[in-house]
$ cat data-v6.cif   # mmCIF, C-alpha atoms
data_query
#
loop_
_atom_site.group_PDB
_atom_site.id
_atom_site.type_symbol
_atom_site.label_atom_id
_atom_site.label_comp_id
_atom_site.auth_asym_id
_atom_site.auth_seq_id
_atom_site.Cartn_x
_atom_site.Cartn_y
_atom_site.Cartn_z
ATOM 1 C CA MET A 1 211.981 -76.427 -57.823
ATOM 2 C CA TRP A 2 208.437 -75.006 -57.975
ATOM 3 C CA ASN A 3 207.605 -71.782 -56.276
ATOM 4 C CA SER A 4 204.118 -71.838 -54.695
ATOM 5 C CA ASN A 5 203.592 -68.279 -55.955
ATOM 6 C CA HIS A 6 204.267 -69.357 -59.535
ATOM 7 C CA PRO A 7 201.106 -68.833 -61.716
ATOM 8 C CA ILE A 8 201.057 -72.461 -62.927
ATOM 9 C CA MET A 9 201.310 -73.768 -59.363
ATOM 10 C CA THR A 10 198.481 -71.463 -58.255
ATOM 11 C CA VAL A 11 196.236 -72.748 -61.061
ATOM 12 C CA LEU A 12 197.151 -76.357 -60.229
ATOM 13 C CA ILE A 13 196.337 -75.910 -56.543
ATOM 14 C CA LYS A 14 192.993 -74.234 -57.324
ATOM 15 C CA THR A 15 192.112 -77.014 -59.771
ATOM 16 C CA VAL A 16 192.898 -79.759 -57.242
ATOM 17 C CA LEU A 17 190.880 -78.017 -54.512
ATOM 18 C CA THR A 18 187.908 -77.479 -56.843
ATOM 19 C CA LEU A 19 187.914 -81.121 -57.988
ATOM 20 C CA SER A 20 188.179 -82.330 -54.387
ATOM 21 C CA PHE A 21 185.187 -80.202 -53.403
ATOM 22 C CA LEU A 22 183.125 -81.479 -56.347
ATOM 23 C CA LEU A 23 183.929 -85.084 -55.459
ATOM 24 C CA LEU A 24 182.668 -84.497 -51.926
ATOM 25 C CA LEU A 25 179.368 -83.171 -53.279
ATOM 26 C CA ASN A 26 178.829 -86.132 -55.577
ATOM 27 C CA ARG A 27 178.105 -89.034 -53.205
ATOM 28 C CA PRO A 28 177.725 -92.220 -55.254
ATOM 29 C CA LEU A 29 175.873 -95.383 -54.171
ATOM 30 C CA PHE A 30 178.963 -96.738 -52.412
ATOM 31 C CA SER A 31 178.747 -93.876 -49.915
ATOM 32 C CA ILE A 32 175.600 -95.389 -48.387
ATOM 33 C CA PRO A 33 176.439 -96.327 -44.769
ATOM 34 C CA LEU A 34 178.093 -99.744 -44.478
ATOM 35 C CA ILE A 35 177.371 -102.244 -41.702
ATOM 36 C CA GLN A 36 179.892 -105.065 -41.432
ATOM 37 C CA LEU A 37 178.759 -108.445 -40.091
ATOM 38 C CA ASN A 38 181.174 -111.106 -38.877
ATOM 39 C CA ASP A 39 181.111 -114.362 -36.917
ATOM 40 C CA GLN A 40 180.828 -112.436 -33.629
ATOM 41 C CA SER A 41 177.837 -110.345 -34.816
ATOM 42 C CA GLU A 42 174.791 -111.230 -32.746
ATOM 43 C CA ASP A 43 172.212 -108.439 -32.647
ATOM 44 C CA VAL A 44 173.443 -105.403 -34.588
ATOM 45 C CA LEU A 45 171.381 -102.258 -34.068
ATOM 46 C CA LEU A 46 171.431 -100.191 -37.279
ATOM 47 C CA GLY A 47 170.103 -96.841 -35.963
ATOM 48 C CA THR A 48 172.877 -94.331 -36.585
ATOM 49 C CA ARG A 49 174.293 -96.365 -39.468
ATOM 50 C CA MET A 50 171.329 -95.585 -41.717
ATOM 51 C CA GLU A 51 170.154 -92.614 -43.756
ATOM 52 C CA TYR A 52 166.611 -91.415 -44.405
ATOM 53 C CA LEU A 53 164.628 -89.462 -46.970
ATOM 54 C CA GLU A 54 161.145 -88.096 -46.300
ATOM 55 C CA ASP A 55 158.665 -88.571 -49.162
ATOM 56 C CA HIS A 56 156.027 -85.932 -48.362
ATOM 57 C CA ASP A 57 153.783 -86.847 -51.307
ATOM 58 C CA LYS A 58 154.300 -90.643 -51.050
ATOM 59 C CA LYS A 59 155.034 -90.817 -54.767
ATOM 60 C CA TRP A 60 158.641 -91.991 -55.100
ATOM 61 C CA SER A 61 159.497 -95.496 -56.261
ATOM 62 C CA ILE A 62 162.582 -97.590 -55.559
ATOM 63 C CA GLU A 63 163.852 -96.545 -58.995
ATOM 64 C CA ASP A 64 163.548 -92.905 -57.956
ATOM 65 C CA VAL A 65 165.219 -93.070 -54.542
ATOM 66 C CA SER A 66 168.048 -95.350 -55.692
ATOM 67 C CA SER A 67 168.896 -93.086 -58.653
ATOM 68 C CA THR A 68 171.761 -90.617 -58.685
ATOM 69 C CA ASP A 69 169.201 -87.769 -58.617
ATOM 70 C CA PHE A 70 168.353 -88.679 -55.007
ATOM 71 C CA GLN A 71 171.791 -89.699 -53.683
ATOM 72 C CA ASN A 72 172.538 -86.387 -51.963
ATOM 73 C CA GLN A 73 169.034 -85.948 -50.554
ATOM 74 C CA PHE A 74 169.328 -88.665 -47.899
ATOM 75 C CA GLN A 75 170.181 -87.462 -44.383
ATOM 76 C CA PRO A 76 172.023 -89.347 -41.624
ATOM 77 C CA ILE A 77 169.930 -90.783 -38.805
ATOM 78 C CA THR A 78 171.260 -89.512 -35.484
ATOM 79 C CA GLN A 79 169.371 -91.786 -33.056
ATOM 80 C CA GLN A 80 169.708 -95.527 -32.413
ATOM 81 C CA TYR A 81 165.888 -95.683 -32.263
ATOM 82 C CA PRO A 82 164.715 -93.092 -34.813
ATOM 83 C CA ASN A 83 161.584 -91.144 -33.878
ATOM 84 C CA PHE A 84 159.989 -88.985 -36.575
ATOM 85 C CA GLY A 85 156.758 -88.474 -34.625
ATOM 86 C CA LYS A 86 153.366 -88.353 -36.302
ATOM 87 C CA THR A 87 153.776 -87.810 -40.036
ATOM 88 C CA ASP A 88 151.678 -88.222 -43.160
ATOM 89 C CA SER A 89 154.858 -88.765 -45.198
ATOM 90 C CA ALA A 90 156.433 -92.021 -46.251
ATOM 91 C CA LEU A 91 159.979 -92.516 -45.018
ATOM 92 C CA TRP A 92 162.765 -94.131 -47.040
ATOM 93 C CA ILE A 93 165.690 -95.716 -45.156
ATOM 94 C CA ARG A 94 168.918 -96.895 -46.784
ATOM 95 C CA PHE A 95 172.012 -98.802 -45.667
ATOM 96 C CA ARG A 96 174.468 -101.427 -46.918
ATOM 97 C CA VAL A 97 175.572 -104.668 -45.286
ATOM 98 C CA GLU A 98 178.839 -106.490 -45.884
ATOM 99 C CA ASN A 99 179.054 -110.110 -44.760
ATOM 100 C CA GLN A 100 182.535 -110.789 -43.392
ATOM 101 C CA SER A 101 181.366 -113.942 -41.608
ATOM 102 C CA LYS A 102 183.195 -117.129 -42.512
ATOM 103 C CA THR A 103 180.273 -119.353 -41.478
ATOM 104 C CA ASN A 104 176.979 -117.482 -41.842
ATOM 105 C CA GLU A 105 175.137 -116.380 -44.978
ATOM 106 C CA ASN A 106 171.637 -116.247 -43.472
ATOM 107 C CA TRP A 107 170.577 -113.206 -41.461
ATOM 108 C CA LEU A 108 167.359 -111.758 -40.084
ATOM 109 C CA LEU A 109 166.393 -108.100 -40.368
ATOM 110 C CA GLU A 110 163.964 -107.025 -37.622
ATOM 111 C CA LEU A 111 161.841 -103.876 -37.571
ATOM 112 C CA ASP A 112 160.813 -103.185 -33.974
ATOM 113 C CA ASN A 113 157.420 -101.531 -34.389
ATOM 114 C CA PRO A 114 154.405 -103.856 -34.608
ATOM 115 C CA PHE A 115 152.154 -100.914 -35.593
ATOM 116 C CA MET A 116 153.849 -99.974 -38.885
ATOM 117 C CA THR A 117 151.112 -99.797 -41.542
ATOM 118 C CA GLN A 118 153.219 -100.516 -44.625
ATOM 119 C CA ILE A 119 156.773 -101.797 -45.025
ATOM 120 C CA ASP A 120 158.463 -102.311 -48.370
ATOM 121 C CA LEU A 121 161.958 -103.793 -48.190
ATOM 122 C CA TYR A 122 164.165 -103.688 -51.289
ATOM 123 C CA MET A 123 167.458 -105.592 -51.422
ATOM 124 C CA THR A 124 169.916 -105.694 -54.290
ATOM 125 C CA ASP A 125 170.600 -109.080 -55.830
ATOM 126 C CA GLN A 126 173.870 -110.171 -57.462
ATOM 127 C CA GLU A 127 172.928 -108.484 -60.747
ATOM 128 C CA GLY A 128 172.091 -105.170 -59.046
ATOM 129 C CA SER A 129 168.311 -105.541 -59.451
ATOM 130 C CA PHE A 130 166.019 -105.213 -56.447
ATOM 131 C CA LEU A 131 164.258 -108.022 -54.616
ATOM 132 C CA HIS A 132 161.088 -106.824 -52.883
ATOM 133 C CA LYS A 133 159.432 -107.983 -49.634
ATOM 134 C CA HIS A 134 156.251 -106.478 -48.226
ATOM 135 C CA ALA A 135 154.852 -106.419 -44.676
ATOM 136 C CA GLY A 136 152.826 -104.236 -42.311
ATOM 137 C CA LEU A 137 149.494 -104.034 -40.524
ATOM 138 C CA ASN A 138 147.654 -104.373 -43.837
ATOM 139 C CA ILE A 139 149.098 -107.896 -44.226
ATOM 140 C CA SER A 140 147.572 -110.753 -42.205
ATOM 141 C CA PHE A 141 149.675 -111.974 -39.262
ATOM 142 C CA HIS A 142 149.543 -115.499 -40.731
ATOM 143 C CA GLN A 143 151.103 -114.267 -43.986
ATOM 144 C CA ARG A 144 154.239 -112.943 -42.268
ATOM 145 C CA GLU A 145 157.563 -114.616 -42.889
ATOM 146 C CA PHE A 146 157.854 -115.191 -39.128
ATOM 147 C CA PRO A 147 154.967 -115.335 -36.634
ATOM 148 C CA HIS A 148 156.348 -112.605 -34.370
ATOM 149 C CA ARG A 149 154.984 -109.307 -33.029
ATOM 150 C CA ASN A 150 157.757 -107.398 -34.884
ATOM 151 C CA TYR A 151 158.394 -107.606 -38.607
ATOM 152 C CA ILE A 152 161.236 -110.005 -39.406
ATOM 153 C CA PHE A 153 162.681 -110.530 -42.879
ATOM 154 C CA ASN A 154 164.907 -113.452 -43.782
ATOM 155 C CA HIS A 155 167.713 -112.557 -46.182
ATOM 156 C CA SER A 156 171.022 -113.995 -47.250
ATOM 157 C CA ILE A 157 174.301 -112.287 -48.015
ATOM 158 C CA PHE A 158 177.016 -114.418 -49.552
ATOM 159 C CA LYS A 159 180.291 -114.523 -47.657
ATOM 160 C CA GLY A 160 182.513 -111.591 -48.607
ATOM 161 C CA LYS A 161 179.682 -109.809 -50.466
ATOM 162 C CA THR A 162 177.867 -106.515 -49.883
ATOM 163 C CA ARG A 163 174.162 -105.885 -50.337
ATOM 164 C CA SER A 164 172.313 -102.528 -50.457
ATOM 165 C CA TYR A 165 168.961 -102.079 -48.708
ATOM 166 C CA PHE A 166 166.181 -99.553 -49.088
ATOM 167 C CA MET A 167 163.121 -99.655 -46.854
ATOM 168 C CA ARG A 168 159.956 -97.609 -47.378
ATOM 169 C CA LEU A 169 157.904 -97.095 -44.221
ATOM 170 C CA GLU A 170 154.424 -95.682 -43.819
ATOM 171 C CA THR A 171 152.209 -95.538 -40.737
ATOM 172 C CA LYS A 172 149.186 -93.807 -39.270
ATOM 173 C CA ASN A 173 150.891 -94.146 -35.876
ATOM 174 C CA PRO A 174 154.011 -92.315 -34.681
ATOM 175 C CA MET A 175 156.982 -93.085 -36.971
ATOM 176 C CA ARG A 176 159.453 -94.564 -34.508
ATOM 177 C CA PHE A 177 161.291 -97.842 -34.775
ATOM 178 C CA GLY A 178 164.388 -99.856 -34.132
ATOM 179 C CA LEU A 179 166.038 -101.816 -36.920
ATOM 180 C CA SER A 180 168.507 -104.618 -36.298
ATOM 181 C CA ILE A 181 170.203 -107.525 -38.040
ATOM 182 C CA TRP A 182 170.860 -110.762 -36.235
ATOM 183 C CA SER A 183 171.866 -114.315 -36.935
ATOM 184 C CA PRO A 184 169.258 -117.081 -36.596
ATOM 185 C CA ASN A 185 172.164 -119.341 -35.551
ATOM 186 C CA GLY A 186 173.302 -117.103 -32.683
#
$ encode --input "data-v6.cif" --output "structure tokens"
Amino acid sequence: MWNSNHPIMTVLIKTVLTLSFLLLLNRPLFSIPLIQLNDQSEDVLLGTRMEYLEDHDKKWSIEDVSSTDFQNQFQPITQQYPNFGKTDSALWIRFRVENQSKTNENWLLELDNPFMTQIDLYMTDQEGSFLHKHAGLNISFHQREFPHRNYIFNHSIFKGKTRSYFMRLETKNPMRFGLSIWSPNG
């Protein structure tokens, strides 16, 4: 039987604790908040299930913010309707969605702020590359995916699959918004 005061046991315990601590510091891509959709999902507000990163110089690309160098820099959003006030920064939002629905693969992502100047939505495809959609006040209303006062993006998630999302937001107006996913069939 091992004695907890035995030198080998002490080293083993310290090693396990150190490795556990290091694993907590290293948050890989799969630690991005996960939203699960199912057949009962109607209008899912994402608010507190997202994380954000403020880009003060507006210089980061999707390759930058999705890299391991930036993984630990994202902060949890603590409000259902985030309000960052007036800012000259760009804001990056990230979240993941898992489709547990047995019947629905088509979903709509709605950004509830008709005064957002620039919106860049990046979604992973099956190969892990990013698909890009662009919207905002600098795009004509008639060029929107949906003729609606808010910005609505159509996207599909295969049944049983998970997709990662990054959204870059920029505005000359106060940076406040709601973000939700809903089914066009519901």
$ closest_residue --input "data-v6.cif" --among "A:Val44, A:Leu37, A:Leu179, A:Met167" --to "Met123 (chain A)" --atoms "all atoms listed in the file"
A:Met167
$ closest_residue --input "data-v6.cif" --among "A:Lys59, A:Ser156, A:Arg144, A:Ser67" --to "Ser89 (chain A)" --atoms "all atoms listed in the file"
A:Lys59
$ atom_distance --input "data-v6.cif" --atom1 "CA of Asn99 (chain A)" --atom2 "CA of Phe84 (chain A)"
29.6 Å
$ resolve_selection --input "data-v6.cif" --expression "the PyMOL selection byres ((chain A and resi 151) around 8)" --output "list in words"
Glu110, Leu111, Asp112, Asn113, Pro114, Ala135, Gly136, Arg144, Phe146, His148, Arg149, Asn150, Ile152 and Phe153 of chain A
$ closest_residue --input "data-v6.cif" --among "A:Leu53, A:Ile181, A:Ile157, A:Ile119" --to "Ser101 (chain A)" --atoms "all atoms listed in the file"
A:Ile157
$ residues_around --input "data-v6.cif" --residues "Trp107 (chain A)" --least-positions-apart "2" --cutoff "8 Å" --atoms "only C-alpha atoms" --output "PyMOL selection string"
chain A and resi 104-105+109+154-157+181-184
$ residues_around --input "data-v6.cif" --residues "Ser66 (chain A)" --least-positions-apart "2" --cutoff "12 Å" --atoms "all atoms listed in the file" --output "PyMOL selection string"
chain A and resi 28-30+32+53+60-64+68-74+92-95+122-124+128-130+164-168
$ build_atoms --input "data-v6.cif" --residues "region 162-179 of chain A" --atoms "N, CA and C atoms" --output "PDB file, keeping the file's coordinate frame"
ATOM      1  N   THR A 162     178.577-107.661 -50.441  1.00  0.00           N
ATOM      2  CA  THR A 162     177.867-106.515 -49.883  1.00  0.00           C
ATOM      3  C   THR A 162     176.524-106.384 -50.574  1.00  0.00           C
ATOM      4  N   ARG A 163     175.509-106.053 -49.802  1.00  0.00           N
ATOM      5  CA  ARG A 163     174.162-105.885 -50.337  1.00  0.00           C
ATOM      6  C   ARG A 163     173.624-104.527 -49.881  1.00  0.00           C
ATOM      7  N   SER A 164     172.945-103.811 -50.786  1.00  0.00           N
ATOM      8  CA  SER A 164     172.313-102.528 -50.457  1.00  0.00           C
ATOM      9  C   SER A 164     170.845-102.754 -50.134  1.00  0.00           C
ATOM     10  N   TYR A 165     170.342-101.976 -49.171  1.00  0.00           N
ATOM     11  CA  TYR A 165     168.961-102.079 -48.708  1.00  0.00           C
ATOM     12  C   TYR A 165     168.294-100.712 -48.744  1.00  0.00           C
ATOM     13  N   PHE A 166     167.048-100.719 -49.175  1.00  0.00           N
ATOM     14  CA  PHE A 166     166.181 -99.553 -49.088  1.00  0.00           C
ATOM     15  C   PHE A 166     164.893-100.046 -48.443  1.00  0.00           C
ATOM     16  N   MET A 167     164.370 -99.279 -47.508  1.00  0.00           N
ATOM     17  CA  MET A 167     163.121 -99.655 -46.854  1.00  0.00           C
ATOM     18  C   MET A 167     162.191 -98.441 -46.868  1.00  0.00           C
ATOM     19  N   ARG A 168     160.980 -98.669 -47.371  1.00  0.00           N
ATOM     20  CA  ARG A 168     159.956 -97.609 -47.378  1.00  0.00           C
ATOM     21  C   ARG A 168     158.979 -97.908 -46.260  1.00  0.00           C
ATOM     22  N   LEU A 169     158.773 -96.928 -45.375  1.00  0.00           N
ATOM     23  CA  LEU A 169     157.904 -97.095 -44.221  1.00  0.00           C
ATOM     24  C   LEU A 169     156.758 -96.088 -44.288  1.00  0.00           C
ATOM     25  N   GLU A 170     155.587 -96.554 -43.873  1.00  0.00           N
ATOM     26  CA  GLU A 170     154.424 -95.682 -43.819  1.00  0.00           C
ATOM     27  C   GLU A 170     153.563 -96.141 -42.646  1.00  0.00           C
ATOM     28  N   THR A 171     153.054 -95.178 -41.869  1.00  0.00           N
ATOM     29  CA  THR A 171     152.209 -95.538 -40.737  1.00  0.00           C
ATOM     30  C   THR A 171     151.257 -94.405 -40.388  1.00  0.00           C
ATOM     31  N   LYS A 172     150.135 -94.786 -39.801  1.00  0.00           N
ATOM     32  CA  LYS A 172     149.186 -93.807 -39.270  1.00  0.00           C
ATOM     33  C   LYS A 172     149.531 -93.507 -37.813  1.00  0.00           C
ATOM     34  N   ASN A 173     150.433 -94.293 -37.255  1.00  0.00           N
ATOM     35  CA  ASN A 173     150.891 -94.146 -35.876  1.00  0.00           C
ATOM     36  C   ASN A 173     152.193 -93.350 -35.866  1.00  0.00           C
ATOM     37  N   PRO A 174     152.711 -93.010 -34.703  1.00  0.00           N
ATOM     38  CA  PRO A 174     154.011 -92.315 -34.681  1.00  0.00           C
ATOM     39  C   PRO A 174     155.093 -93.131 -35.398  1.00  0.00           C
ATOM     40  N   MET A 175     155.920 -92.449 -36.183  1.00  0.00           N
ATOM     41  CA  MET A 175     156.982 -93.085 -36.971  1.00  0.00           C
ATOM     42  C   MET A 175     158.234 -93.205 -36.095  1.00  0.00           C
ATOM     43  N   ARG A 176     158.269 -94.268 -35.324  1.00  0.00           N
ATOM     44  CA  ARG A 176     159.453 -94.564 -34.508  1.00  0.00           C
ATOM     45  C   ARG A 176     159.697 -96.067 -34.582  1.00  0.00           C
ATOM     46  N   PHE A 177     160.967 -96.433 -34.567  1.00  0.00           N
ATOM     47  CA  PHE A 177     161.291 -97.842 -34.775  1.00  0.00           C
ATOM     48  C   PHE A 177     162.748 -98.109 -34.420  1.00  0.00           C
ATOM     49  N   GLY A 178     163.029 -99.366 -34.204  1.00  0.00           N
ATOM     50  CA  GLY A 178     164.388 -99.856 -34.132  1.00  0.00           C
ATOM     51  C   GLY A 178     164.567-100.822 -35.285  1.00  0.00           C
ATOM     52  N   LEU A 179     165.757-100.888 -35.829  1.00  0.00           N
ATOM     53  CA  LEU A 179     166.038-101.816 -36.920  1.00  0.00           C
ATOM     54  C   LEU A 179     167.331-102.527 -36.588  1.00  0.00           C
TER      55      LEU A 179
END
